[in-house]
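What follows is the content of protein_19.cif (mmCIF, C-alpha atoms).
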data_run
#
loop_
_atom_site.label_atom_id
_atom_site.label_comp_id
_atom_site.auth_asym_id
_atom_site.auth_seq_id
_atom_site.Cartn_x
_atom_site.Cartn_y
_atom_site.Cartn_z
CA MET M 29 109.27 115.77 122.35
CA HIS M 30 110.13 118.21 119.55
CA GLU M 31 109.95 121.78 120.80
CA SER M 32 109.73 124.90 118.67
CA ASN M 33 112.95 126.81 118.21
CA GLY M 34 111.55 130.15 117.05
CA GLU M 35 113.30 131.87 114.16
CA HIS M 36 115.49 128.86 113.34
CA ASP M 37 112.38 126.71 112.85
CA ASN M 38 111.11 129.17 110.23
CA ARG M 39 114.29 128.64 108.19
CA ARG M 40 114.19 124.85 108.33
CA LEU M 41 112.77 122.70 105.56
CA ARG M 42 109.19 121.54 106.15
CA VAL M 43 108.38 117.83 106.22
CA GLY M 44 105.05 116.15 105.48
CA SER M 45 104.77 112.61 106.83
CA LEU M 46 102.59 109.83 105.38
CA PHE M 47 101.98 106.38 106.89
CA SER M 48 103.85 107.89 109.80
CA GLY M 49 103.96 105.11 112.39
CA TYR M 50 105.94 106.13 115.45
CA GLY M 51 108.05 108.58 113.42
CA GLY M 52 111.29 106.66 112.91
CA LEU M 53 111.67 107.80 109.29
CA ASP M 54 110.79 111.36 110.29
CA LEU M 55 113.55 111.43 112.91
CA ALA M 56 116.08 110.55 110.22
CA VAL M 57 114.66 113.00 107.65
CA GLU M 58 114.64 115.86 110.15
CA GLN M 59 118.25 115.22 111.07
CA VAL M 60 119.59 114.75 107.53
CA PHE M 61 117.75 117.76 106.05
CA ASP M 62 117.76 119.97 109.19
CA ALA M 63 113.98 119.99 108.86
CA ARG M 64 110.81 120.02 110.95
CA THR M 65 107.66 117.94 110.52
CA VAL M 66 104.59 120.16 110.06
CA TRP M 67 101.84 117.53 109.55
CA PHE M 68 101.39 113.79 109.42
CA SER M 69 98.90 111.15 108.23
CA GLU M 70 98.27 108.02 110.32
CA ILE M 71 95.01 106.09 110.69
CA ASN M 72 96.09 103.70 113.46
CA ASP M 73 94.96 105.55 116.59
CA PRO M 74 97.38 104.02 119.14
CA VAL M 75 100.36 104.59 116.84
CA ALA M 76 99.14 108.11 116.00
CA ARG M 77 99.20 108.86 119.75
CA VAL M 78 102.93 108.12 119.78
CA PHE M 79 103.57 110.47 116.86
CA ALA M 80 101.36 113.20 118.30
CA HIS M 81 103.16 112.97 121.65
CA HIS M 82 106.52 113.74 120.05
CA TRP M 83 105.22 116.23 117.46
CA PRO M 84 102.40 117.98 119.37
CA ASP M 85 102.19 120.90 116.91
CA ALA M 86 101.78 118.68 113.82
CA PRO M 87 98.12 117.96 112.95
CA ASN M 88 97.09 114.47 111.86
CA LEU M 89 95.48 114.64 108.40
CA GLY M 90 94.00 111.17 108.90
CA ASP M 91 93.14 108.74 106.12
CA ILE M 92 95.33 109.40 103.07
CA THR M 93 92.52 108.31 100.73
CA THR M 94 90.27 111.17 101.89
CA ILE M 95 92.74 114.06 102.03
CA ASP M 96 92.07 117.09 99.81
CA TRP M 97 95.65 118.00 98.91
CA SER M 98 94.63 121.47 97.67
CA THR M 99 94.00 122.42 101.31
CA VAL M 100 97.25 120.98 102.72
CA GLU M 101 100.25 123.11 103.70
CA PRO M 102 103.04 122.69 101.09
CA VAL M 103 106.21 120.94 102.23
CA ASP M 104 109.79 120.70 101.05
CA VAL M 105 110.18 117.01 101.92
CA LEU M 106 107.46 114.36 101.69
CA CYS M 107 108.29 111.08 103.39
CA GLY M 108 106.52 107.82 104.10
CA GLY M 109 106.60 104.05 104.09
CA PHE M 110 103.38 102.88 102.41
CA PRO M 111 101.93 99.59 103.76
CA CYS M 112 104.12 96.59 103.03
CA GLN M 113 101.74 93.66 103.66
CA ASP M 114 101.16 92.87 99.99
CA VAL M 115 104.80 93.12 98.90
CA SER M 116 106.42 91.51 101.94
CA THR M 117 108.08 88.14 101.38
CA VAL M 118 106.14 86.79 104.39
CA GLY M 119 102.76 88.04 103.14
CA LYS M 120 100.34 86.85 100.45
CA ARG M 121 102.37 88.61 97.74
CA ALA M 122 99.34 90.26 96.15
CA GLY M 123 101.76 92.91 94.93
CA LEU M 124 101.47 96.60 94.23
CA ALA M 125 97.95 96.53 92.83
CA PRO M 126 94.64 98.39 93.03
CA GLY M 127 92.61 97.31 96.05
CA THR M 128 95.57 96.11 98.11
CA ARG M 129 97.00 97.93 101.12
CA SER M 130 100.35 98.29 99.34
CA GLY M 131 98.37 99.82 96.47
CA LEU M 132 98.04 102.89 98.71
CA TRP M 133 101.30 103.96 97.05
CA ALA M 134 99.03 105.45 94.36
CA HIS M 135 97.66 107.90 96.94
CA MET M 136 101.18 108.86 97.99
CA ALA M 137 102.00 109.48 94.32
CA THR M 138 98.92 111.72 94.14
CA ALA M 139 100.25 113.68 97.12
CA VAL M 140 103.62 114.08 95.38
CA GLU M 141 101.91 115.36 92.24
CA ALA M 142 99.73 117.83 94.15
CA LEU M 143 102.31 119.17 96.61
CA GLN M 144 105.41 119.07 94.36
CA PRO M 145 107.91 118.77 97.23
CA GLU M 146 111.59 119.26 96.51
CA TRP M 147 112.42 115.84 97.98
CA VAL M 148 110.55 112.55 98.38
CA VAL M 149 111.75 109.89 100.82
CA ILE M 150 110.26 106.37 100.74
CA GLU M 151 110.96 103.31 102.89
CA ASN M 152 109.69 99.78 102.45
CA VAL M 153 110.54 96.10 102.85
CA ARG M 154 112.83 93.93 100.74
CA GLY M 155 109.82 92.39 98.98
CA LEU M 156 109.56 95.59 96.94
CA LEU M 157 112.37 94.09 94.83
CA SER M 158 110.44 90.96 93.88
CA ALA M 159 106.69 91.51 94.32
CA PRO M 160 104.82 92.22 91.07
CA ALA M 161 103.07 95.46 90.21
CA ILE M 162 99.68 95.31 88.50
CA ARG M 163 98.43 98.36 86.64
CA PRO M 164 94.72 99.02 85.99
CA SER M 165 93.98 99.17 82.28
CA PRO M 166 92.73 102.57 81.04
CA ILE M 167 89.17 102.64 79.72
CA GLY M 168 89.10 101.44 76.12
CA ASP M 169 92.61 99.92 76.34
CA ASP M 170 92.52 96.24 75.36
CA ASP M 171 96.29 95.78 75.28
CA GLU M 172 96.62 92.70 77.47
CA ARG M 173 100.37 93.06 77.59
CA ARG M 174 99.95 95.74 80.27
CA ASN M 175 98.93 93.02 82.70
CA PRO M 176 100.16 89.68 81.33
CA ASP M 177 98.72 86.47 82.75
CA THR M 178 102.01 85.82 84.48
CA ALA M 179 101.39 88.88 86.67
CA THR M 180 98.15 87.60 88.18
CA PRO M 181 98.43 87.57 91.99
CA GLY M 182 98.67 84.08 93.43
CA SER M 183 99.64 82.49 90.11
CA ALA M 184 102.51 80.03 90.11
CA THR M 185 103.74 81.72 86.95
CA LEU M 186 104.90 84.74 88.93
CA ARG M 187 108.31 83.24 88.24
CA GLY M 188 107.94 84.95 84.87
CA VAL M 189 109.35 88.08 86.47
CA GLU M 190 112.81 88.84 85.16
CA PRO M 191 115.26 86.40 86.75
CA ASP M 192 117.85 89.01 87.75
CA PRO M 193 116.88 90.05 91.31
CA TRP M 194 118.19 93.56 90.66
CA GLY M 195 116.18 93.99 87.45
CA LEU M 196 113.02 95.98 88.04
CA GLY M 197 111.00 95.20 84.93
CA ASP M 198 112.65 96.39 81.73
CA GLU M 199 110.96 93.91 79.40
CA PRO M 200 107.33 94.79 78.47
CA ALA M 201 106.28 91.14 78.19
CA ARG M 202 107.21 90.41 81.79
CA PRO M 203 105.54 91.60 85.01
CA LEU M 204 106.82 94.86 86.42
CA ARG M 205 108.40 94.68 89.85
CA ALA M 206 106.88 96.79 92.61
CA LEU M 207 110.02 98.90 93.00
CA GLY M 208 110.12 99.42 89.24
CA ALA M 209 106.55 100.71 89.35
CA VAL M 210 107.35 103.16 92.14
CA LEU M 211 110.45 104.45 90.35
CA GLY M 212 108.50 104.70 87.09
CA ASP M 213 105.75 106.72 88.76
CA LEU M 214 108.34 109.07 90.23
CA ALA M 215 109.91 109.51 86.80
CA ASP M 216 106.47 110.30 85.34
CA LEU M 217 106.12 112.96 88.03
CA ARG M 218 109.49 114.42 86.91
CA TYR M 219 111.56 113.20 89.84
CA ASN M 220 115.02 111.69 89.66
CA ALA M 221 115.27 108.80 92.13
CA ARG M 222 118.00 106.64 93.60
CA TRP M 223 117.60 103.72 95.96
CA ILE M 224 119.57 101.34 98.13
CA GLY M 225 118.82 98.24 100.15
CA LEU M 226 120.34 98.32 103.62
CA PRO M 227 120.16 95.78 106.45
CA ALA M 228 120.01 97.15 109.98
CA SER M 229 123.05 95.03 110.82
CA ALA M 230 125.11 97.19 108.44
CA ILE M 231 124.81 100.09 110.89
CA GLY M 232 125.51 97.91 113.91
CA ALA M 233 122.04 96.73 115.00
CA PRO M 234 121.90 93.17 116.40
CA HIS M 235 119.33 92.05 113.80
CA PRO M 236 119.10 92.10 109.96
CA ARG M 237 115.82 94.01 109.19
CA PHE M 238 116.61 94.68 105.52
CA ARG M 239 114.89 97.77 104.14
CA ILE M 240 114.68 99.58 100.79
CA PHE M 241 115.13 103.36 100.86
CA ILE M 242 114.32 105.66 97.93
CA LEU M 243 115.39 109.30 97.65
CA ALA M 244 113.81 111.32 94.83
CA HIS M 245 114.53 114.92 93.83
CA ARG M 246 112.56 117.22 91.56
CA THR M 247 114.15 117.65 88.13
CA VAL M 248 112.76 121.19 87.95
CA PRO M 249 113.21 122.62 91.47
CA HIS M 250 111.07 125.37 92.94
CA SER M 251 113.36 128.41 93.03
CA SER M 252 111.48 129.77 96.03
CA ARG M 253 112.09 126.54 97.95
CA LEU M 254 115.72 125.94 96.98
CA ARG M 255 117.21 125.81 100.46
CA PHE M 256 119.79 123.61 102.05
CA GLY M 257 119.91 122.23 105.56
CA ALA M 258 122.86 122.34 107.94
CA GLY M 259 125.84 120.47 106.61
CA ARG M 260 124.73 120.66 102.96
CA ARG M 261 126.96 122.81 100.79
CA GLU M 262 125.62 125.37 98.32
CA PRO M 263 126.04 124.57 94.61
CA GLY M 264 129.22 125.86 93.06
CA SER M 265 131.01 126.40 96.35
CA ARG M 266 134.01 124.39 95.18
CA GLU M 267 135.35 122.68 92.06
CA SER M 268 133.97 119.26 91.35
CA GLN M 269 135.97 116.32 90.09
CA ALA M 270 135.67 115.24 86.48
CA ARG M 271 133.29 112.33 85.96
CA HIS M 272 133.03 109.70 83.27
CA ASP M 273 130.00 109.45 80.98
CA ARG M 274 128.94 105.97 82.05
CA ALA M 275 125.71 105.59 83.96
CA GLU M 276 125.98 104.49 87.60
CA PRO M 277 124.53 101.07 88.44
CA SER M 278 120.80 101.33 89.02
CA SER M 279 120.98 99.40 92.27
CA ASP M 280 123.17 101.90 94.14
CA ARG M 281 123.95 99.18 96.65
CA PRO M 282 125.18 100.46 100.02
CA ARG M 283 128.91 100.80 100.37
CA ASP M 284 131.01 101.68 103.41
CA GLU M 285 129.56 105.19 103.54
CA ALA M 286 126.20 103.70 104.50
CA ARG M 287 127.72 102.15 107.60
CA THR M 288 127.98 103.88 110.94
CA PRO M 289 131.53 105.07 111.84
CA ALA M 290 131.39 102.83 114.92
CA LEU M 291 131.71 99.77 112.64
CA ARG M 292 134.70 100.82 110.57
CA GLY M 293 137.59 98.67 111.69
CA ARG M 294 136.58 98.59 115.34
CA ASP M 295 136.03 95.41 117.32
CA VAL M 296 133.67 95.77 120.26
CA ARG M 297 134.44 93.19 122.93
CA ALA M 298 131.83 91.85 125.34
CA ASP M 299 132.80 91.62 129.02
CA ARG M 300 132.18 88.55 131.14
CA GLY M 301 128.89 89.90 132.50
CA LEU M 302 127.48 90.29 129.00
CA LEU M 303 128.76 86.85 128.00
CA ARG M 304 127.02 85.24 130.97
CA ARG M 305 123.77 87.09 130.25
CA TRP M 306 123.61 86.92 126.46
CA GLY M 307 125.83 84.01 125.46
CA ARG M 308 126.65 83.97 121.74
CA TYR M 309 124.66 87.18 121.22
CA ALA M 310 126.91 89.14 123.59
CA PRO M 311 129.17 90.73 120.91
CA ALA M 312 126.16 92.00 118.92
CA ILE M 313 124.52 93.33 122.10
CA ALA M 314 127.75 95.03 123.20
CA ARG M 315 128.16 96.70 119.81
CA TRP M 316 124.60 98.07 119.82
CA GLU M 317 124.97 99.25 123.42
CA ARG M 318 128.00 101.24 122.34
CA ILE M 319 126.29 102.68 119.25
CA SER M 320 122.96 103.43 120.94
CA GLY M 321 124.62 104.85 124.04
CA ARG M 322 122.54 102.88 126.55
CA PRO M 323 122.53 99.35 128.04
CA ALA M 324 120.21 96.64 126.78
CA PRO M 325 117.02 96.23 128.85
CA ALA M 326 115.71 92.79 129.85
CA PRO M 327 114.45 91.06 126.69
CA ALA M 328 111.33 89.47 128.17
CA VAL M 329 108.45 90.14 130.53
CA LEU M 330 107.60 87.17 132.75
CA ASN M 331 103.96 86.16 133.02
CA GLU M 332 102.99 83.13 135.15
CA ALA M 333 99.88 82.42 133.07
CA LYS M 334 101.30 82.91 129.56
CA GLY M 335 105.02 82.51 130.13
CA PRO M 336 107.69 84.98 128.96
CA ARG M 337 106.67 87.61 126.40
CA PRO M 338 108.86 90.03 124.42
CA ALA M 339 109.50 93.21 126.40
CA PRO M 340 108.50 96.36 124.47
CA VAL M 341 111.35 98.33 126.11
CA PHE M 342 113.81 95.79 124.67
CA VAL M 343 112.30 95.99 121.17
CA GLU M 344 112.40 99.79 121.48
CA TRP M 345 116.11 99.51 122.25
CA LEU M 346 116.63 97.16 119.28
CA MET M 347 115.08 99.82 117.03
CA GLY M 348 117.57 102.41 118.27
CA LEU M 349 114.85 104.69 119.66
CA PRO M 350 115.26 107.01 122.64
CA LYS M 351 114.20 105.41 125.91
CA GLY M 352 110.42 105.60 126.32
CA TRP M 353 109.74 106.73 122.74
CA VAL M 354 106.85 104.26 122.46
CA THR M 355 106.68 102.89 126.01
CA LEU M 356 106.15 106.06 128.04
CA PRO M 357 103.22 105.48 130.44
CA GLU M 358 101.59 108.79 129.46
CA ILE M 359 101.18 107.57 125.86
CA ALA M 360 99.00 104.82 127.35
CA LEU M 361 99.60 101.99 124.87
CA SER M 362 98.96 98.41 125.92
CA HIS M 363 101.70 95.78 125.75
CA ALA M 364 100.31 94.45 122.46
CA GLN M 365 99.91 97.95 120.98
CA GLN M 366 103.51 98.82 121.82
CA LEU M 367 104.83 95.67 120.14
CA THR M 368 102.65 96.28 117.06
CA ALA M 369 103.90 99.86 116.72
CA LEU M 370 107.53 98.83 117.16
CA GLY M 371 107.29 95.84 114.82
CA ASN M 372 106.15 98.02 111.92
CA GLY M 373 108.68 100.79 112.52
CA VAL M 374 111.89 102.13 111.02
CA LEU M 375 115.31 102.36 112.67
CA PRO M 376 116.18 106.08 112.57
CA LEU M 377 119.94 105.41 112.36
CA GLN M 378 119.44 102.96 109.49
CA ALA M 379 117.30 105.47 107.56
CA ARG M 380 119.77 108.27 108.29
CA SER M 381 122.71 106.20 107.01
CA ALA M 382 120.81 105.27 103.84
CA LEU M 383 119.80 108.89 103.10
CA LEU M 384 123.34 110.19 103.65
CA ALA M 385 124.68 107.55 101.26
CA LEU M 386 122.06 108.46 98.63
CA LEU M 387 122.69 112.20 98.95
CA ARG M 388 126.33 111.64 97.98
CA TYR M 389 125.14 110.61 94.53
CA GLN M 390 122.58 113.38 93.94
#

Please render this file's structure as structure tokens.
Amino acid sequence: MHESNGEHDNRRLRVGSLFSGYGGLDLAVEQVFDARTVWFSEINDPVARVFAHHWPDAPNLGDITTIDWSTVEPVDVLCGGFPCQDVSTVGKRAGLAPGTRSGLWAHMATAVEALQPEWVVIENVRGLLSAPAIRPSPIGDDDERRNPDTATPGSATLRGVEPDPWGLGDEPARPLRALGAVLGDLADLRYNARWIGLPASAIGAPHPRFRIFILAHRTVPHSSRLRFGAGRREPGSRESQARHDRAEPSSDRPRDEARTPALRGRDVRADRGLLRRWGRYAPAIARWERISGRPAPAPAVLNEAKGPRPAPVFVEWLMGLPKGWVTLPEIALSHAQQLTALGNGVLPLQARSALLALLRYQ
């Protein structure tokens, strides 16, 4: 649970959380920016109970589509992972389009425009790189090139998207990729944005869970909000190195700095007990036990009627969360609700590593 720390809390950056889930992204944002979450927005009641348990002083603003942003407390950092169902590679691939759940990004963009936070942090699935984005045509606009036939959801001609997987939609005659649409909207809102794709295994987790992270910064900062968290140096505190005039690659792929120090040149060996229990997975389990600081729980719950089922406490451990973060009895989530909350969540250490890597290039 996050307790108030008096005067220090008043100096910390304020975070607004959208599509909050169990708060994995918020944990990373708070740590990286030395910040505190002051409100959140989550419509799934069981998951909202998890967030409210750990941030009891943060009100839930509810459905993002009904929020009046003129009445909302301003924040320095706005973070969120808008729904991924329509951009996920395992979904229907409807894309970033009006009327889809992933189309709720438009409401997050509205929040950015209204609140004008200093920073915007976004997380989503790998499908953001390949799913199409469909834009509604303005009234009176008959330019069909805005939404070419090849961008129609469900069409086999979606292969008309630019063939380079790292291209986001530079050619007007081709469909715009979902990530390109998000970055374009941020640019329209006068934010500079960088992004990386990072698998959870890169920070030592025993599973891949590839995620896209975007960090955007206002091009015209609020002078009254220009503050820096612990560990961030003030501008002009030391001489900077000369830089060339070439643009950095747009992908900003993760390099070694996005990896946890525990993985740099260190081989974690599994003992005989782990080898007997986990077999070929033992080295990955041993590495994550070392990084997470606690032993792996039993992976399954035995049920005579239905057979073994995944154990929520094990999934919680896989996500690098503190023990009981989702599974505490007082939160009162069922077995299925716990697995649903955990399956849609973010690894805090993965998000933290991605944000630290991106901040090096701001």

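The coordinates place atom CA of M:Gly348 at 21.5 Å from atom CA of M:Leu303.
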
- Task: Counting all atoms listed in the file, write as a list of chain:residue names all protein and nucleic acid residues lying at most 8 Å from (103.1, 119.3, 114.5) in the file's frame.
- Result: M:Thr65, M:Val66, M:Trp67, M:Phe68, M:Ala80, M:Trp83, M:Pro84, M:Asp85, M:Ala86, M:Pro87

Create the file for the chosen residues now, containing C-alpha atoms and written as an mmCIF file, keeping the file's coordinate frame.
data_model
loop_
_atom_site.group_PDB
_atom_site.id
_atom_site.type_symbol
_atom_site.label_atom_id
_atom_site.label_comp_id
_atom_site.auth_asym_id
_atom_site.auth_seq_id
_atom_site.Cartn_x
_atom_site.Cartn_y
_atom_site.Cartn_z
ATOM 1 C CA THR M 65 107.660 117.940 110.520
ATOM 2 C CA VAL M 66 104.590 120.160 110.060
ATOM 3 C CA TRP M 67 101.840 117.530 109.550
ATOM 4 C CA PHE M 68 101.390 113.790 109.420
ATOM 5 C CA ALA M 80 101.360 113.200 118.300
ATOM 6 C CA TRP M 83 105.220 116.230 117.460
ATOM 7 C CA PRO M 84 102.400 117.980 119.370
ATOM 8 C CA ASP M 85 102.190 120.900 116.910
ATOM 9 C CA ALA M 86 101.780 118.680 113.820
ATOM 10 C CA PRO M 87 98.120 117.960 112.950
#

- Which one is closest to M:Leu55: M:Thr247, M:Gln378, M:Ser362, M:Ser98? Count all atoms listed in the file. M:Gln378

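If you count all atoms listed in the file and ignore residues fewer than 5 places along the chain from M:Ile240, what sits within 10 Å of it is Gly109, Ile150, Glu151, Asn152, Val153, Arg154, Gly155, Leu156, Leu157, Leu207, Trp223, Ile224, Gly225, Leu226, Pro227, Ala379 and Ala382 of chain M.
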
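Checking M:Thr99, M:Val148, M:Tyr309, M:Leu383 one by one against M:Ser45, counting all atoms listed in the file, you find the shortest gap at M:Val148.
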
- Message: To test your reading of the syntax: which residues would the PyMOL selection byres ((chain M and resi 71) around 6) return for the file shown? Reply as a list in words.
- Response: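 When the PyMOL selection byres ((chain M and resi 71) around 6) is applied, the selected residues are Glu70, Asn72, Asp73, Gly90 and Asp91 of chain M.
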
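Using only C-alpha atoms, the protein and nucleic acid residues lying no more than 9 Å from stretch 323-332 of chain M, apart from those fewer than 2 places from it along its own chain, are M:Ile313, M:Ala314, M:Trp316, M:Glu317, M:Arg318, M:Ser320, M:Gly321, M:Lys334, M:Gly335, M:Pro336, M:Arg337, M:Pro338, M:Ala339, M:Pro340, M:Val341, M:Phe342, M:Val343, M:Trp345, M:Leu346.
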
- Would you mind telling me which residue in M:Glu58, M:Asp96, M:Val210, M:Arg39 lies nearest to M:Phe110 when using only C-alpha atoms? M:Val210

- Message: Residues near M:Leu211, anyone? I mean within 9 Å using all atoms listed in the file, not counting same-chain ones fewer than 5 positions away, as a count of residues only.
- Response: 8

- Message: Running the PyMOL selection byres ((chain M and resi 136) around 10) on this model by hand, what would come out? Give it as an MDAnalysis selection string.
- Response: chainID M and resid 46:47 92:93 106:110 131:135 137:142 150

- For atom CA of M:Val374 and atom CA of M:Val78, determine how far apart the two atoms are, in Å to one decimal place.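 Value for the atom CA of M:Val374-atom CA of M:Val78 distance: 13.9 Å.
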
- Query: Which residues, protein or nucleic acid, reach to within 10 Å of (95.5, 101.2, 123.5) in the file's coordinates when using all atoms listed in the file, and can you give that as a count of residues only?
  - Reply: 12

- Message: I'd like to know which of M:Val60, M:Val100, M:Ala159, M:Ala333 is closest to M:Leu387, using all atoms listed in the file.
- Response: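 Closest to M:Leu387 of all the choices is M:Val60.
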
- Item | One-decimal distance in Å that lies between atom CA of M:Leu143 and atom CA of M:Arg218 | 13.0 Å

- Message: Can you translate the PyMOL selection byres ((chain M and resi 59) around 12) into the concrete residues it hits in this file, as JSON, numbers by chain?
- Response: {"M": [40, 41, 43, 52, 53, 54, 55, 56, 57, 58, 60, 61, 62, 63, 64, 65, 257, 258, 259, 260, 376, 377, 379, 380, 381, 383, 384]}

Mind filling out stretch 49-71 of chain M with N, CA and C atoms and sending it as a PDB file, in the frame of the given file?
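Wrote it out as out-v5.pdb, contents follow:
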ATOM      1  N   GLY M  49     103.507 106.001 111.342  1.00  0.00           N
ATOM      2  CA  GLY M  49     103.960 105.110 112.390  1.00  0.00           C
ATOM      3  C   GLY M  49     104.403 105.895 113.616  1.00  0.00           C
ATOM      4  N   TYR M  50     105.448 105.429 114.271  1.00  0.00           N
ATOM      5  CA  TYR M  50     105.940 106.130 115.450  1.00  0.00           C
ATOM      6  C   TYR M  50     106.938 107.245 115.125  1.00  0.00           C
ATOM      7  N   GLY M  51     107.213 107.457 113.826  1.00  0.00           N
ATOM      8  CA  GLY M  51     108.050 108.580 113.420  1.00  0.00           C
ATOM      9  C   GLY M  51     109.514 108.267 113.251  1.00  0.00           C
ATOM     10  N   GLY M  52     109.887 107.000 113.078  1.00  0.00           N
ATOM     11  CA  GLY M  52     111.290 106.660 112.910  1.00  0.00           C
ATOM     12  C   GLY M  52     111.905 107.254 111.657  1.00  0.00           C
ATOM     13  N   LEU M  53     111.165 107.210 110.539  1.00  0.00           N
ATOM     14  CA  LEU M  53     111.670 107.800 109.290  1.00  0.00           C
ATOM     15  C   LEU M  53     111.756 109.313 109.422  1.00  0.00           C
ATOM     16  N   ASP M  54     110.806 109.902 110.110  1.00  0.00           N
ATOM     17  CA  ASP M  54     110.790 111.360 110.290  1.00  0.00           C
ATOM     18  C   ASP M  54     111.993 111.842 111.099  1.00  0.00           C
ATOM     19  N   LEU M  55     112.372 111.071 112.118  1.00  0.00           N
ATOM     20  CA  LEU M  55     113.550 111.430 112.910  1.00  0.00           C
ATOM     21  C   LEU M  55     114.778 111.521 112.019  1.00  0.00           C
ATOM     22  N   ALA M  56     114.932 110.554 111.114  1.00  0.00           N
ATOM     23  CA  ALA M  56     116.080 110.550 110.220  1.00  0.00           C
ATOM     24  C   ALA M  56     116.008 111.706 109.221  1.00  0.00           C
ATOM     25  N   VAL M  57     114.830 111.929 108.637  1.00  0.00           N
ATOM     26  CA  VAL M  57     114.660 113.000 107.650  1.00  0.00           C
ATOM     27  C   VAL M  57     114.929 114.360 108.284  1.00  0.00           C
ATOM     28  N   GLU M  58     114.415 114.576 109.480  1.00  0.00           N
ATOM     29  CA  GLU M  58     114.640 115.860 110.150  1.00  0.00           C
ATOM     30  C   GLU M  58     116.127 116.094 110.397  1.00  0.00           C
ATOM     31  N   GLN M  59     116.838 115.052 110.779  1.00  0.00           N
ATOM     32  CA  GLN M  59     118.250 115.220 111.070  1.00  0.00           C
ATOM     33  C   GLN M  59     119.069 115.447 109.801  1.00  0.00           C
ATOM     34  N   VAL M  60     118.803 114.657 108.764  1.00  0.00           N
ATOM     35  CA  VAL M  60     119.590 114.750 107.530  1.00  0.00           C
ATOM     36  C   VAL M  60     119.344 116.082 106.813  1.00  0.00           C
ATOM     37  N   PHE M  61     118.094 116.548 106.790  1.00  0.00           N
ATOM     38  CA  PHE M  61     117.750 117.760 106.050  1.00  0.00           C
ATOM     39  C   PHE M  61     117.639 119.005 106.940  1.00  0.00           C
ATOM     40  N   ASP M  62     117.950 118.871 108.232  1.00  0.00           N
ATOM     41  CA  ASP M  62     117.760 119.970 109.190  1.00  0.00           C
ATOM     42  C   ASP M  62     116.357 120.543 109.013  1.00  0.00           C
ATOM     43  N   ALA M  63     115.370 119.666 109.195  1.00  0.00           N
ATOM     44  CA  ALA M  63     113.980 119.990 108.860  1.00  0.00           C
ATOM     45  C   ALA M  63     113.076 119.818 110.072  1.00  0.00           C
ATOM     46  N   ARG M  64     111.818 120.196 109.896  1.00  0.00           N
ATOM     47  CA  ARG M  64     110.810 120.020 110.950  1.00  0.00           C
ATOM     48  C   ARG M  64     109.535 119.480 110.321  1.00  0.00           C
ATOM     49  N   THR M  65     108.886 118.546 111.018  1.00  0.00           N
ATOM     50  CA  THR M  65     107.660 117.940 110.520  1.00  0.00           C
ATOM     51  C   THR M  65     106.474 118.827 110.864  1.00  0.00           C
ATOM     52  N   VAL M  66     105.681 119.210 109.843  1.00  0.00           N
ATOM     53  CA  VAL M  66     104.590 120.160 110.060  1.00  0.00           C
ATOM     54  C   VAL M  66     103.216 119.496 110.043  1.00  0.00           C
ATOM     55  N   TRP M  67     103.087 118.294 109.486  1.00  0.00           N
ATOM     56  CA  TRP M  67     101.840 117.530 109.550  1.00  0.00           C
ATOM     57  C   TRP M  67     102.147 116.066 109.270  1.00  0.00           C
ATOM     58  N   PHE M  68     101.210 115.199 109.664  1.00  0.00           N
ATOM     59  CA  PHE M  68     101.390 113.790 109.420  1.00  0.00           C
ATOM     60  C   PHE M  68     100.054 113.135 109.095  1.00  0.00           C
ATOM     61  N   SER M  69     100.107 111.903 108.588  1.00  0.00           N
ATOM     62  CA  SER M  69      98.900 111.150 108.230  1.00  0.00           C
ATOM     63  C   SER M  69      99.061 109.725 108.757  1.00  0.00           C
ATOM     64  N   GLU M  70      98.228 109.368 109.721  1.00  0.00           N
ATOM     65  CA  GLU M  70      98.270 108.020 110.320  1.00  0.00           C
ATOM     66  C   GLU M  70      96.877 107.649 110.782  1.00  0.00           C
ATOM     67  N   ILE M  71      96.379 106.473 110.347  1.00  0.00           N
ATOM     68  CA  ILE M  71      95.010 106.090 110.690  1.00  0.00           C
ATOM     69  C   ILE M  71      94.936 105.152 111.893  1.00  0.00           C
TER      70      ILE M  71
END
